[in-house]
>>> print(open('start_33.cif').read())   # mmCIF, C-alpha atoms and all ligand atoms
data_model
loop_
_atom_site.label_atom_id
_atom_site.label_comp_id
_atom_site.auth_asym_id
_atom_site.auth_seq_id
_atom_site.Cartn_x
_atom_site.Cartn_y
_atom_site.Cartn_z
CA MET A 6 29.96 21.73 -9.73
CA SER A 7 27.80 21.38 -6.66
CA ARG A 8 28.15 18.80 -3.94
CA TYR A 9 24.84 17.34 -5.09
CA ASP A 10 26.21 16.31 -8.53
CA THR A 11 27.24 12.90 -7.24
CA TYR A 12 24.90 10.61 -5.33
CA PHE A 13 25.32 10.27 -1.59
CA LEU A 14 22.87 9.47 1.17
CA MET A 15 21.91 12.76 2.80
CA LYS A 16 21.80 13.50 6.51
CA GLU A 17 19.62 16.27 7.98
CA ALA A 18 22.56 18.72 7.79
CA ASP A 19 22.86 18.24 4.00
CA VAL A 20 19.24 18.89 3.13
CA THR A 21 18.97 22.68 3.55
CA GLY A 22 21.79 23.21 1.04
CA TYR A 23 20.20 20.62 -1.24
CA ILE A 24 16.79 22.26 -1.38
CA GLN A 25 18.29 25.71 -1.99
CA ALA A 26 20.54 24.32 -4.76
CA ARG A 27 17.96 22.17 -6.53
CA TYR A 28 14.76 24.13 -5.89
CA PRO A 29 15.84 27.78 -5.87
CA GLY A 30 12.88 30.05 -5.25
CA HIS A 31 10.93 27.66 -3.03
CA PHE A 32 12.43 29.49 -0.04
CA ALA A 33 14.14 32.91 -0.06
CA PRO A 34 17.95 32.57 -0.35
CA ASP A 35 18.40 33.91 3.20
CA ALA A 36 15.55 31.87 4.73
CA VAL A 37 16.30 30.28 8.10
CA LEU A 38 15.39 26.64 7.54
CA SER A 39 14.90 23.70 9.89
CA VAL A 40 15.14 20.03 8.85
CA LYS A 41 13.90 16.81 10.43
CA GLU A 42 14.10 13.26 9.10
CA ILE A 43 10.58 11.88 9.54
CA GLY A 44 10.71 8.64 7.53
CA ASP A 45 8.67 5.86 9.04
CA GLY A 46 8.74 3.24 6.28
CA ASN A 47 11.03 0.29 5.69
CA LEU A 48 12.90 1.67 2.67
CA ASN A 49 13.61 5.40 2.33
CA TYR A 50 14.64 8.62 4.06
CA VAL A 51 12.09 11.42 4.29
CA PHE A 52 13.10 14.95 5.28
CA ARG A 53 10.76 17.77 6.22
CA ILE A 54 12.21 21.24 5.62
CA TRP A 55 10.39 24.28 6.96
CA GLU A 56 10.77 28.00 7.60
CA GLU A 57 9.32 29.11 10.92
CA LYS A 58 8.83 32.74 9.83
CA THR A 59 6.64 32.09 6.77
CA GLY A 60 5.28 28.65 7.64
CA LYS A 61 6.47 27.39 4.23
CA SER A 62 7.60 23.77 4.03
CA ILE A 63 8.51 20.97 1.62
CA ILE A 64 9.31 17.25 1.76
CA VAL A 65 12.40 15.61 0.24
CA LYS A 66 12.33 11.84 -0.07
CA GLN A 67 15.56 10.07 -0.91
CA ALA A 68 16.14 6.42 -1.78
CA GLY A 69 19.12 4.76 -0.14
CA GLU A 70 20.93 1.86 -1.82
CA ALA A 71 20.32 -0.38 1.21
CA LEU A 72 16.87 -0.64 2.78
CA ARG A 73 16.17 0.75 6.24
CA ILE A 74 14.55 -2.48 7.38
CA SER A 75 17.69 -4.52 6.59
CA ALA A 76 21.16 -3.40 5.49
CA ASP A 77 21.50 -6.72 3.63
CA MET A 78 18.65 -5.85 1.26
CA LYS A 79 19.75 -3.72 -1.69
CA VAL A 80 17.21 -2.35 -4.18
CA SER A 81 17.68 -0.04 -7.17
CA THR A 82 17.26 3.63 -6.32
CA ASP A 83 15.20 3.91 -9.55
CA ARG A 84 12.22 3.25 -7.30
CA ASN A 85 12.20 6.94 -6.49
CA ARG A 86 11.76 7.79 -10.21
CA ILE A 87 8.88 5.33 -10.44
CA GLU A 88 7.26 6.91 -7.41
CA SER A 89 7.63 10.48 -8.72
CA GLU A 90 6.31 9.64 -12.17
CA ILE A 91 3.38 7.64 -10.97
CA LEU A 92 2.32 10.32 -8.48
CA GLN A 93 2.30 12.86 -11.31
CA LEU A 94 0.19 10.50 -13.41
CA GLN A 95 -2.17 9.72 -10.55
CA ASP A 96 -2.63 13.42 -9.88
CA GLN A 97 -4.29 13.56 -13.31
CA TYR A 98 -6.47 10.48 -12.75
CA ALA A 99 -7.34 11.13 -9.09
CA PRO A 100 -6.80 14.87 -8.44
CA GLY A 101 -6.73 15.86 -4.78
CA LEU A 102 -6.07 12.32 -3.60
CA VAL A 103 -2.25 12.22 -3.94
CA PRO A 104 0.51 14.68 -2.94
CA LYS A 105 1.87 17.16 -5.50
CA ILE A 106 5.34 16.36 -6.85
CA TYR A 107 7.62 19.38 -7.35
CA GLY A 108 10.51 17.55 -9.03
CA TYR A 109 12.67 14.45 -9.26
CA ASP A 110 16.46 14.43 -9.17
CA THR A 111 17.97 11.50 -11.06
CA VAL A 112 21.44 12.04 -9.51
CA MET A 113 20.49 12.14 -5.84
CA CYS A 114 17.52 9.76 -6.39
CA ALA A 115 15.37 12.18 -4.46
CA CYS A 116 12.04 13.81 -5.13
CA ALA A 117 10.55 16.94 -3.63
CA MET A 118 6.87 16.95 -2.82
CA GLU A 119 4.04 18.67 -1.03
CA ASP A 120 4.26 18.62 2.75
CA LEU A 121 1.18 16.93 4.21
CA SER A 122 2.08 17.45 7.86
CA ASP A 123 -1.40 18.82 8.48
CA HIS A 124 -2.58 15.23 7.90
CA LYS A 125 -1.94 12.16 10.08
CA LEU A 126 -0.45 8.88 9.01
CA MET A 127 -3.54 6.69 8.84
CA ARG A 128 -2.04 3.68 10.63
CA TYR A 129 -1.19 5.72 13.72
CA ALA A 130 -4.52 7.54 13.73
CA LEU A 131 -6.27 4.16 13.55
CA MET A 132 -4.13 2.89 16.43
CA ASN A 133 -5.62 5.81 18.43
CA HIS A 134 -9.04 4.53 17.32
CA GLU A 135 -9.87 7.65 15.35
CA ILE A 136 -12.69 7.40 12.81
CA PHE A 137 -12.52 8.86 9.29
CA PRO A 138 -16.01 8.96 7.77
CA ARG A 139 -14.76 10.07 4.32
CA PHE A 140 -12.34 7.22 3.93
CA ALA A 141 -14.46 4.69 2.01
CA GLU A 142 -15.69 7.39 -0.37
CA ASP A 143 -12.20 8.74 -1.07
CA ILE A 144 -10.28 5.48 -1.30
CA SER A 145 -12.87 3.91 -3.62
CA THR A 146 -12.64 6.95 -5.92
CA TYR A 147 -8.83 6.79 -5.84
CA MET A 148 -8.83 3.08 -6.69
CA VAL A 149 -11.41 3.19 -9.48
CA ASN A 150 -9.75 6.19 -11.13
CA THR A 151 -6.13 5.06 -10.88
CA LEU A 152 -6.85 1.40 -11.64
CA LEU A 153 -9.65 1.14 -14.18
CA LYS A 154 -8.39 4.13 -16.19
CA THR A 155 -4.96 2.53 -16.68
CA THR A 156 -6.31 -0.78 -18.05
CA ASP A 157 -6.73 -1.99 -21.63
CA VAL A 158 -10.45 -1.42 -21.11
CA ALA A 159 -9.90 2.33 -21.10
CA MET A 160 -6.49 3.00 -22.67
CA GLU A 161 -5.29 2.77 -26.24
CA HIS A 162 -3.44 -0.56 -26.13
CA LYS A 163 -0.03 0.63 -27.37
CA ALA A 164 -0.09 3.56 -24.94
CA LYS A 165 -0.92 1.11 -22.13
CA LYS A 166 1.97 -1.15 -23.15
CA ALA A 167 4.31 1.86 -23.09
CA LEU A 168 3.28 2.39 -19.46
CA VAL A 169 3.83 -1.31 -18.69
CA LYS A 170 7.38 -0.87 -20.00
CA SER A 171 8.04 2.38 -18.18
CA PHE A 172 6.83 1.02 -14.85
CA ILE A 173 8.53 -2.35 -14.96
CA ASN A 174 9.72 -2.68 -11.36
CA PRO A 175 11.44 -6.07 -11.00
CA GLU A 176 13.30 -5.52 -7.74
CA LEU A 177 10.39 -4.17 -5.74
CA CYS A 178 8.13 -6.84 -7.24
CA GLU A 179 10.63 -9.45 -6.11
CA ILE A 180 10.26 -8.20 -2.52
CA THR A 181 6.50 -8.78 -2.77
CA GLU A 182 6.93 -12.14 -4.49
CA ASP A 183 9.18 -13.26 -1.62
CA LEU A 184 7.79 -11.52 1.46
CA VAL A 185 4.09 -11.70 0.60
CA LEU A 186 3.65 -14.62 -1.77
CA THR A 187 6.28 -17.19 -0.73
CA GLU A 188 7.92 -16.96 2.70
CA PRO A 189 4.79 -16.86 4.91
CA TYR A 190 4.02 -20.43 3.78
CA ASN A 191 7.40 -22.07 4.34
CA ASP A 192 9.88 -19.65 6.00
CA CYS A 193 12.33 -20.64 3.25
CA ASN A 194 14.59 -17.63 3.96
CA HIS A 195 14.44 -18.03 7.75
CA ARG A 196 13.27 -14.51 8.40
CA ASN A 197 9.63 -14.95 9.32
CA ASN A 198 8.60 -13.30 12.59
CA VAL A 199 6.27 -15.74 14.29
CA PHE A 200 4.80 -14.76 17.67
CA PRO A 201 5.92 -17.70 19.86
CA PRO A 202 2.49 -18.43 21.45
CA ILE A 203 1.06 -19.23 18.00
CA ALA A 204 4.05 -21.12 16.56
CA GLU A 205 2.23 -24.48 16.52
CA PHE A 206 -0.87 -22.87 14.99
CA VAL A 207 1.26 -21.33 12.22
CA LYS A 208 2.96 -24.64 11.51
CA ARG A 209 -0.36 -26.45 11.20
CA GLU A 210 -2.43 -23.76 9.46
CA LEU A 211 0.22 -22.41 7.08
CA TYR A 212 3.39 -24.47 6.71
CA GLU A 213 1.60 -27.83 6.57
CA ASP A 214 -1.49 -26.86 4.57
CA GLU A 215 -0.78 -28.09 1.03
CA ALA A 216 -4.17 -27.01 -0.36
CA LEU A 217 -3.49 -23.46 0.84
CA LYS A 218 -0.03 -23.48 -0.73
CA LEU A 219 -1.48 -24.56 -4.07
CA ASP A 220 -3.90 -21.64 -4.00
CA VAL A 221 -1.16 -19.18 -3.02
CA ALA A 222 1.03 -20.49 -5.85
CA LYS A 223 -1.78 -19.66 -8.31
CA ILE A 224 -2.24 -16.23 -6.74
CA LYS A 225 1.52 -15.56 -6.90
CA PHE A 226 1.62 -16.24 -10.63
CA GLU A 227 -1.47 -14.07 -11.13
CA PHE A 228 0.45 -11.25 -9.41
CA MET A 229 3.47 -11.81 -11.66
CA ASN A 230 1.65 -12.24 -14.96
CA ASN A 231 -1.56 -10.22 -14.96
CA ALA A 232 -0.52 -6.78 -16.27
CA GLN A 233 -4.03 -5.45 -15.70
CA ALA A 234 -3.66 -1.96 -14.24
CA LEU A 235 -1.02 0.43 -12.94
CA ILE A 236 -1.31 -0.50 -9.29
CA HIS A 237 0.10 1.28 -6.23
CA GLY A 238 1.59 -2.00 -5.10
CA ASP A 239 1.80 -1.28 -1.35
CA LEU A 240 -1.53 0.31 -0.43
CA HIS A 241 -1.48 -0.18 3.33
CA THR A 242 -2.53 2.37 5.94
CA GLY A 243 1.08 3.55 6.30
CA SER A 244 0.83 4.74 2.68
CA ILE A 245 -2.17 6.96 3.37
CA PHE A 246 -2.40 10.36 5.05
CA VAL A 247 -5.75 11.36 6.50
CA ARG A 248 -7.59 14.32 7.92
CA GLN A 249 -11.29 14.43 8.70
CA ASP A 250 -11.81 16.26 5.40
CA SER A 251 -9.05 14.77 3.26
CA THR A 252 -7.40 11.50 2.18
CA ARG A 253 -4.06 11.36 0.32
CA VAL A 254 -2.34 8.24 -0.95
CA PHE A 255 1.44 8.36 -1.21
CA ASP A 256 4.52 6.11 -1.40
CA PRO A 257 3.74 4.15 -4.60
CA GLU A 258 7.32 2.93 -5.08
CA PHE A 259 6.10 -0.68 -5.51
CA ALA A 260 3.95 0.41 -8.46
CA PHE A 261 3.86 -1.73 -11.59
CA TYR A 262 1.30 -3.21 -13.96
CA GLY A 263 -0.37 -5.92 -11.91
CA PRO A 264 -3.79 -7.16 -10.78
CA MET A 265 -5.91 -4.33 -9.38
CA GLY A 266 -7.23 -6.62 -6.65
CA TYR A 267 -3.78 -6.37 -5.04
CA ASP A 268 -4.43 -2.72 -4.07
CA ILE A 269 -8.03 -3.25 -2.98
CA GLY A 270 -7.10 -6.34 -0.97
CA ASN A 271 -4.34 -4.44 0.83
CA VAL A 272 -6.85 -1.81 1.94
CA VAL A 273 -9.23 -4.49 3.24
CA ALA A 274 -6.50 -6.34 5.16
CA ASN A 275 -5.05 -3.23 6.73
CA MET A 276 -8.49 -2.14 7.96
CA ILE A 277 -8.71 -5.57 9.59
CA PHE A 278 -5.39 -4.88 11.38
CA ALA A 279 -7.00 -1.68 12.70
CA TRP A 280 -10.01 -3.76 13.78
CA ASP A 281 -7.64 -6.21 15.56
CA ASN A 282 -6.17 -3.36 17.55
CA GLY A 283 -9.55 -1.87 18.40
CA ARG A 284 -10.94 -5.24 19.45
CA ALA A 285 -8.00 -5.86 21.81
CA ALA A 286 -8.62 -2.42 23.36
CA GLY A 287 -12.39 -2.90 23.65
CA ALA A 288 -13.02 0.03 21.29
CA GLY A 289 -16.45 -1.11 20.10
CA ALA A 290 -17.57 1.93 18.12
CA PHE A 291 -14.22 2.07 16.35
CA CYS A 292 -14.40 -1.63 15.44
CA ASP A 293 -17.90 -1.18 14.06
CA TRP A 294 -16.63 1.67 11.90
CA THR A 295 -13.65 -0.32 10.55
CA LEU A 296 -15.99 -3.08 9.38
CA LYS A 297 -18.43 -0.54 7.94
CA ALA A 298 -15.51 1.11 6.10
CA ILE A 299 -14.50 -2.24 4.58
CA GLU A 300 -18.07 -2.93 3.48
CA GLU A 301 -18.53 0.54 2.01
CA THR A 302 -15.12 0.54 0.31
CA ILE A 303 -15.98 -2.66 -1.58
CA ASP A 304 -19.55 -1.66 -2.41
CA LEU A 305 -18.62 1.89 -3.48
CA PHE A 306 -15.74 0.51 -5.53
CA CYS A 307 -18.20 -1.77 -7.37
CA GLN A 308 -20.75 1.01 -7.99
CA LYS A 309 -18.15 3.50 -9.20
CA PHE A 310 -16.34 0.85 -11.25
CA LEU A 311 -19.49 -0.01 -13.21
CA THR A 312 -20.28 3.66 -13.87
CA CYS A 313 -16.70 4.54 -14.77
CA PHE A 314 -16.49 1.48 -17.05
CA ASP A 315 -19.34 2.85 -19.19
CA GLU A 316 -17.75 6.31 -19.27
CA CYS A 317 -14.21 5.27 -20.14
CA VAL A 318 -14.43 1.97 -22.05
CA THR A 319 -12.74 2.26 -25.45
CA ASP A 320 -12.17 -1.39 -26.43
CA LEU A 321 -14.94 -2.68 -28.68
CA MET A 322 -14.98 -6.21 -27.26
CA ALA A 323 -15.02 -4.88 -23.69
CA LYS A 324 -18.36 -3.24 -24.55
CA THR A 325 -19.94 -6.68 -25.04
CA PRO A 326 -22.92 -7.01 -22.65
CA GLY A 327 -21.94 -9.00 -19.57
CA PHE A 328 -18.20 -8.34 -19.93
CA LYS A 329 -17.91 -5.59 -17.31
CA GLN A 330 -19.74 -7.70 -14.69
CA ASP A 331 -17.46 -10.65 -15.44
CA TYR A 332 -14.36 -8.42 -15.27
CA LEU A 333 -15.49 -6.96 -11.93
CA ALA A 334 -16.17 -10.44 -10.51
CA GLY A 335 -12.56 -11.35 -11.32
CA VAL A 336 -11.28 -8.18 -9.64
CA LEU A 337 -13.27 -9.00 -6.48
CA SER A 338 -12.00 -12.55 -6.38
CA ASP A 339 -8.43 -11.19 -6.68
CA THR A 340 -9.26 -8.66 -3.95
CA ALA A 341 -10.16 -11.48 -1.58
CA ALA A 342 -7.05 -13.44 -2.52
CA TYR A 343 -4.66 -10.54 -1.90
CA ALA A 344 -6.47 -9.41 1.24
CA GLY A 345 -5.75 -12.93 2.42
CA THR A 346 -2.07 -12.90 1.52
CA GLU A 347 -1.62 -9.46 3.15
CA LEU A 348 -3.36 -10.62 6.35
CA ILE A 349 -1.09 -13.64 6.57
CA ARG A 350 2.21 -12.04 5.58
CA ARG A 351 1.88 -9.11 8.01
CA THR A 352 1.15 -11.62 10.77
CA VAL A 353 3.95 -14.14 10.26
CA GLY A 354 6.29 -12.65 7.63
CA MET A 355 9.30 -10.36 7.88
CA ALA A 356 7.45 -7.02 7.77
CA ASN A 357 4.76 -6.83 10.47
CA VAL A 358 2.31 -4.10 11.42
CA LYS A 359 2.30 -2.10 14.65
CA ASP A 360 -1.51 -2.32 14.94
CA VAL A 361 -0.96 -5.97 15.93
CA THR A 362 2.58 -6.11 17.37
CA THR A 363 1.76 -3.41 19.93
CA ILE A 364 -1.13 -5.37 21.46
CA ALA A 365 0.45 -5.80 24.90
CA ASP A 366 -1.76 -8.58 26.26
CA GLU A 367 -0.28 -11.86 25.00
CA SER A 368 -3.55 -13.77 24.70
CA LYS A 369 -5.30 -10.86 22.93
CA ARG A 370 -2.42 -10.58 20.46
CA ALA A 371 -2.50 -14.34 19.88
CA HIS A 372 -6.24 -14.11 19.23
CA ALA A 373 -5.76 -11.24 16.77
CA GLU A 374 -3.07 -13.14 14.89
CA LYS A 375 -5.21 -16.28 14.66
CA VAL A 376 -8.11 -14.19 13.33
CA ASN A 377 -5.81 -12.75 10.65
CA ILE A 378 -4.60 -16.19 9.60
CA LEU A 379 -8.04 -17.82 9.56
CA CYS A 380 -9.68 -14.89 7.80
CA GLY A 381 -6.76 -14.78 5.33
CA LYS A 382 -7.18 -18.46 4.54
CA ASP A 383 -10.92 -18.03 4.04
CA TYR A 384 -10.31 -15.12 1.63
CA ILE A 385 -7.70 -17.11 -0.32
CA MET A 386 -9.35 -20.51 -0.49
CA ASN A 387 -12.91 -19.29 -1.10
CA ARG A 388 -11.92 -16.23 -3.14
CA THR A 389 -14.52 -16.47 -5.89
CA GLY A 390 -17.30 -16.27 -3.28
CA PHE A 391 -16.38 -12.75 -2.07
CA GLN A 392 -18.44 -10.41 -4.24
CA THR A 393 -19.93 -7.81 -1.86
CA GLY A 394 -18.76 -5.73 1.07
CA ALA A 395 -20.94 -7.82 3.38
CA ASP A 396 -19.14 -10.99 2.20
CA PHE A 397 -15.79 -9.52 3.23
CA VAL A 398 -17.04 -8.43 6.66
CA ALA A 399 -18.74 -11.77 7.37
CA ALA A 400 -15.37 -13.53 7.03
CA VAL A 401 -13.85 -11.36 9.80
CA LYS A 402 -16.70 -12.27 12.13
CA ARG A 403 -16.39 -15.98 11.26
CA ALA A 404 -12.66 -15.92 11.96
CA ASP A 405 -13.20 -14.06 15.25
CA GLU A 406 -15.56 -16.85 16.39
CA ALA A 407 -13.31 -19.66 15.11
CA ALA A 408 -10.21 -18.25 16.84
CA LYS A 409 -11.85 -18.29 20.31
C1 LIG B 501 11.77 -5.02 2.66
S1 LIG B 501 10.45 -3.93 2.59
C2 LIG B 501 9.20 -4.65 3.58
C3 LIG B 501 7.85 -4.16 3.28
O1 LIG B 501 7.79 -2.76 3.45
C4 LIG B 501 7.13 -2.17 2.34
O2 LIG B 501 6.26 -1.18 2.75
C5 LIG B 501 6.43 -3.32 1.64
O3 LIG B 501 5.17 -3.59 2.20
C6 LIG B 501 7.38 -4.41 1.87
O4 LIG B 501 6.82 -5.69 1.70
MG MG B 502 6.25 2.27 1.86
#
>>> encode(input="start_33.cif", output="structure tokens")
Amino acid sequence: MSRYDTYFLMKEADVTGYIQARYPGHFAPDAVLSVKEIGDGNLNYVFRIWEEKTGKSIIVKQAGEALRISADMKVSTDRNRIESEILQLQDQYAPGLVPKIYGYDTVMCACAMEDLSDHKLMRYALMNHEIFPRFAEDISTYMVNTLLKTTDVAMEHKAKKALVKSFINPELCEITEDLVLTEPYNDCNHRNNVFPPIAEFVKRELYEDEALKLDVAKIKFEFMNNAQALIHGDLHTGSIFVRQDSTRVFDPEFAFYGPMGYDIGNVVANMIFAWDNGRAAGAGAFCDWTLKAIEETIDLFCQKFLTCFDECVTDLMAKTPGFKQDYLAGVLSDTAAYAGTELIRRTVGMANVKDVTTIADESKRAHAEKVNILCGKDYIMNRTGFQTGADFVAAVKRADEAAK
């Protein structure tokens, strides 16, 4: 019997013994190890373990029964299994763009993975107005490979359905259904965070806009019922590590079979949060790059999608001329819709983003939040019209003008 044969939530002091017990050989038995909890998300605990002498290191990520963001929110610790399995799968589809998984422990609900401390968390790097020229290239490759290759277009249909079953993720999906696709439009659970200077604006533009709510209702049911691709499910800039020469996507615990536009839309919206921050700071060159990155991400996604479709299509009917263009048009419309819901929920919902909440000047923050809401509404209500990168960028500029 070892003390790690029954689940408990580890503290830093428990982790050295854990790694030596569960992953013997990663470090020498007499290695002098240091541990630091470095988790920055809303859900889990992340420990970095390293040996000064050799420079070796490893990450252990453990799921707690209650979420970090709120002790009242309890979610199955199975999310850590989903994350480990999907990262192993994605490593095959998009090699070099996700961290390596070394193992998953079903008892402690913890996985061990590659330490990417030589990278930066993208959200924080963007808040320092750093530019990453490879980003659009890498993220578009990641999305095409992990999304298109897990659809019925490419996969044998029974094998795809087996993945749908294996990655059913009802509790994490419920968080998204509530926090992203319901509460921002009515505050029904009384936990929205609305910046007081824009309270009236939020009431008018969101809570009282029935046409918007009808569109969001349709988008919510698309999220719940379109088992299109194995999506990451939470692809914001806090789920991406970057270096000038490398991009790695991690933290796919919200993964399930859903509409691929959800992932692409999250990337677009979170680059707009970076733009918000840069605009408030007067960082012109950085803002130009964020918009260029959005445009290139969409356009490269489309180019690579069409090429990859021809290479990996297996379904006979999907080979019908015109089908792939129609399929892509639907993905882009979904991308606009979910970029819109992400822009709005991070602005008024329970889980906000530091890019915006750290804007110290009250009127600049209010402007940024109005831009997010107006741009989000444009994306949602005119979603079928967003078909190119330039279309997505034009909406940001329109909202910036309208919010003045
Ligand atoms: C209760 S969890 C809040 C948010 O954090 C995660 O990263 C997801 O985005 C979720 O909506
Ligand atoms: Mg996360």
>>> axis_aligned_box(input="start_33.cif", around="ligand LIG 501 (chain B)", padding_each_side="3 Å", output="JSON")
{"center_x": 8.5, "center_y": -3.4, "center_z": 2.6, "size_x": 12.6, "size_y": 10.5, "size_z": 7.9}
>>> closest_residue(input="start_33.cif", among="A:Asn198, A:Ser75, A:Thr59, A:Asn377", to="ligand LIG 501 (chain B)", atoms="all atoms listed in the file")
A:Ser75
>>> atom_distance(input="start_33.cif", atom1="atom CA of Gly263 of chain A", atom2="atom CA of Met355 of chain A")
22.5 Å
>>> residues_near_ligand(input="start_33.cif", ligand="ligand MG 502 (chain B)", cutoff="7 Å", atoms="all atoms listed in the file", output="list in words")
Gly46, Asn47, Leu48, Asp239, Gly243, Ser244 and Asp256 of chain A
>>> residues_around(input="start_33.cif", residues="Lys402 of chain A", least_positions_apart="2", cutoff="12 Å", atoms="all atoms listed in the file", output="PDB file with C-alpha atoms, in the coordinates of the input")
ATOM      1  CA  ILE A 277      -8.710  -5.570   9.590  1.00  0.00           C
ATOM      2  CA  TRP A 280     -10.010  -3.760  13.780  1.00  0.00           C
ATOM      3  CA  ASP A 281      -7.640  -6.210  15.560  1.00  0.00           C
ATOM      4  CA  ARG A 284     -10.940  -5.240  19.450  1.00  0.00           C
ATOM      5  CA  CYS A 292     -14.400  -1.630  15.440  1.00  0.00           C
ATOM      6  CA  ASP A 293     -17.900  -1.180  14.060  1.00  0.00           C
ATOM      7  CA  LEU A 296     -15.990  -3.080   9.380  1.00  0.00           C
ATOM      8  CA  ALA A 373      -5.760 -11.240  16.770  1.00  0.00           C
ATOM      9  CA  VAL A 376      -8.110 -14.190  13.330  1.00  0.00           C
ATOM     10  CA  ASN A 377      -5.810 -12.750  10.650  1.00  0.00           C
ATOM     11  CA  LEU A 379      -8.040 -17.820   9.560  1.00  0.00           C
ATOM     12  CA  CYS A 380      -9.680 -14.890   7.800  1.00  0.00           C
ATOM     13  CA  ASP A 383     -10.920 -18.030   4.040  1.00  0.00           C
ATOM     14  CA  ALA A 395     -20.940  -7.820   3.380  1.00  0.00           C
ATOM     15  CA  ASP A 396     -19.140 -10.990   2.200  1.00  0.00           C
ATOM     16  CA  PHE A 397     -15.790  -9.520   3.230  1.00  0.00           C
ATOM     17  CA  VAL A 398     -17.040  -8.430   6.660  1.00  0.00           C
ATOM     18  CA  ALA A 399     -18.740 -11.770   7.370  1.00  0.00           C
ATOM     19  CA  ALA A 400     -15.370 -13.530   7.030  1.00  0.00           C
ATOM     20  CA  ALA A 404     -12.660 -15.920  11.960  1.00  0.00           C
ATOM     21  CA  ASP A 405     -13.200 -14.060  15.250  1.00  0.00           C
ATOM     22  CA  GLU A 406     -15.560 -16.850  16.390  1.00  0.00           C
ATOM     23  CA  ALA A 407     -13.310 -19.660  15.110  1.00  0.00           C
ATOM     24  CA  ALA A 408     -10.210 -18.250  16.840  1.00  0.00           C
ATOM     25  CA  LYS A 409     -11.850 -18.290  20.310  1.00  0.00           C
TER      26      LYS A 409
END
>>> closest_residue(input="start_33.cif", among="A:Phe200, A:Tyr212, A:Phe137, A:Phe228", to="Val353 of chain A", atoms="only C-alpha atoms")
A:Phe200
>>> atom_distance(input="start_33.cif", atom1="atom CA of Glu300 of chain A", atom2="atom CA of Asn387 of chain A")
17.8 Å
>>> atom_distance(input="start_33.cif", atom1="atom CA of Leu38 of chain A", atom2="atom CA of Val103 of chain A")
25.5 Å
>>> residues_around(input="start_33.cif", residues="Gly390 of chain A", least_positions_apart="2", cutoff="9 Å", atoms="all atoms listed in the file", output="count of residues only")
9
>>> closest_residue(input="start_33.cif", among="A:Glu176, A:Asp83, A:Glu213, A:Glu301", to="ligand LIG 501 (chain B)", atoms="only C-alpha atoms and all ligand atoms")
A:Glu176
>>> closest_residue(input="start_33.cif", among="A:Ser89, A:Thr181, A:Thr295, A:Gln249", to="Tyr267 of chain A", atoms="all atoms listed in the file")
A:Thr181
>>> residues_around(input="start_33.cif", residues="segment 50-58 of chain A", least_positions_apart="5", cutoff="7 Å", atoms="only C-alpha atoms", output="MDAnalysis selection string")
chainID A and resid 36:44 63:68
>>> write_last_selection(input="start_33.cif", atoms="C-alpha atoms", output="mmCIF file, keeping the file's coordinate frame")
data_model
loop_
_atom_site.group_PDB
_atom_site.id
_atom_site.type_symbol
_atom_site.label_atom_id
_atom_site.label_comp_id
_atom_site.auth_asym_id
_atom_site.auth_seq_id
_atom_site.Cartn_x
_atom_site.Cartn_y
_atom_site.Cartn_z
ATOM 1 C CA ALA A 36 15.550 31.870 4.730
ATOM 2 C CA VAL A 37 16.300 30.280 8.100
ATOM 3 C CA LEU A 38 15.390 26.640 7.540
ATOM 4 C CA SER A 39 14.900 23.700 9.890
ATOM 5 C CA VAL A 40 15.140 20.030 8.850
ATOM 6 C CA LYS A 41 13.900 16.810 10.430
ATOM 7 C CA GLU A 42 14.100 13.260 9.100
ATOM 8 C CA ILE A 43 10.580 11.880 9.540
ATOM 9 C CA GLY A 44 10.710 8.640 7.530
ATOM 10 C CA ILE A 63 8.510 20.970 1.620
ATOM 11 C CA ILE A 64 9.310 17.250 1.760
ATOM 12 C CA VAL A 65 12.400 15.610 0.240
ATOM 13 C CA LYS A 66 12.330 11.840 -0.070
ATOM 14 C CA GLN A 67 15.560 10.070 -0.910
ATOM 15 C CA ALA A 68 16.140 6.420 -1.780
#
>>> closest_residue(input="start_33.cif", among="A:Asp19, A:Glu119, A:Glu88, A:Asp214", to="Lys61 of chain A", atoms="all atoms listed in the file")
A:Glu119
>>> residues_near_point(input="start_33.cif", point="(-19.2, 4.7, -15.8)", cutoff="12 Å", atoms="only C-alpha atoms", output="ChimeraX atom specification")
/A:149-150,153-154,158-159,306-319,324,329
>>> write_last_selection(input="start_33.cif", atoms="C-alpha atoms", output="mmCIF file, in the coordinates of the input")
data_model
loop_
_atom_site.group_PDB
_atom_site.id
_atom_site.type_symbol
_atom_site.label_atom_id
_atom_site.label_comp_id
_atom_site.auth_asym_id
_atom_site.auth_seq_id
_atom_site.Cartn_x
_atom_site.Cartn_y
_atom_site.Cartn_z
ATOM 1 C CA VAL A 149 -11.410 3.190 -9.480
ATOM 2 C CA ASN A 150 -9.750 6.190 -11.130
ATOM 3 C CA LEU A 153 -9.650 1.140 -14.180
ATOM 4 C CA LYS A 154 -8.390 4.130 -16.190
ATOM 5 C CA VAL A 158 -10.450 -1.420 -21.110
ATOM 6 C CA ALA A 159 -9.900 2.330 -21.100
ATOM 7 C CA PHE A 306 -15.740 0.510 -5.530
ATOM 8 C CA CYS A 307 -18.200 -1.770 -7.370
ATOM 9 C CA GLN A 308 -20.750 1.010 -7.990
ATOM 10 C CA LYS A 309 -18.150 3.500 -9.200
ATOM 11 C CA PHE A 310 -16.340 0.850 -11.250
ATOM 12 C CA LEU A 311 -19.490 -0.010 -13.210
ATOM 13 C CA THR A 312 -20.280 3.660 -13.870
ATOM 14 C CA CYS A 313 -16.700 4.540 -14.770
ATOM 15 C CA PHE A 314 -16.490 1.480 -17.050
ATOM 16 C CA ASP A 315 -19.340 2.850 -19.190
ATOM 17 C CA GLU A 316 -17.750 6.310 -19.270
ATOM 18 C CA CYS A 317 -14.210 5.270 -20.140
ATOM 19 C CA VAL A 318 -14.430 1.970 -22.050
ATOM 20 C CA THR A 319 -12.740 2.260 -25.450
ATOM 21 C CA LYS A 324 -18.360 -3.240 -24.550
ATOM 22 C CA LYS A 329 -17.910 -5.590 -17.310
#
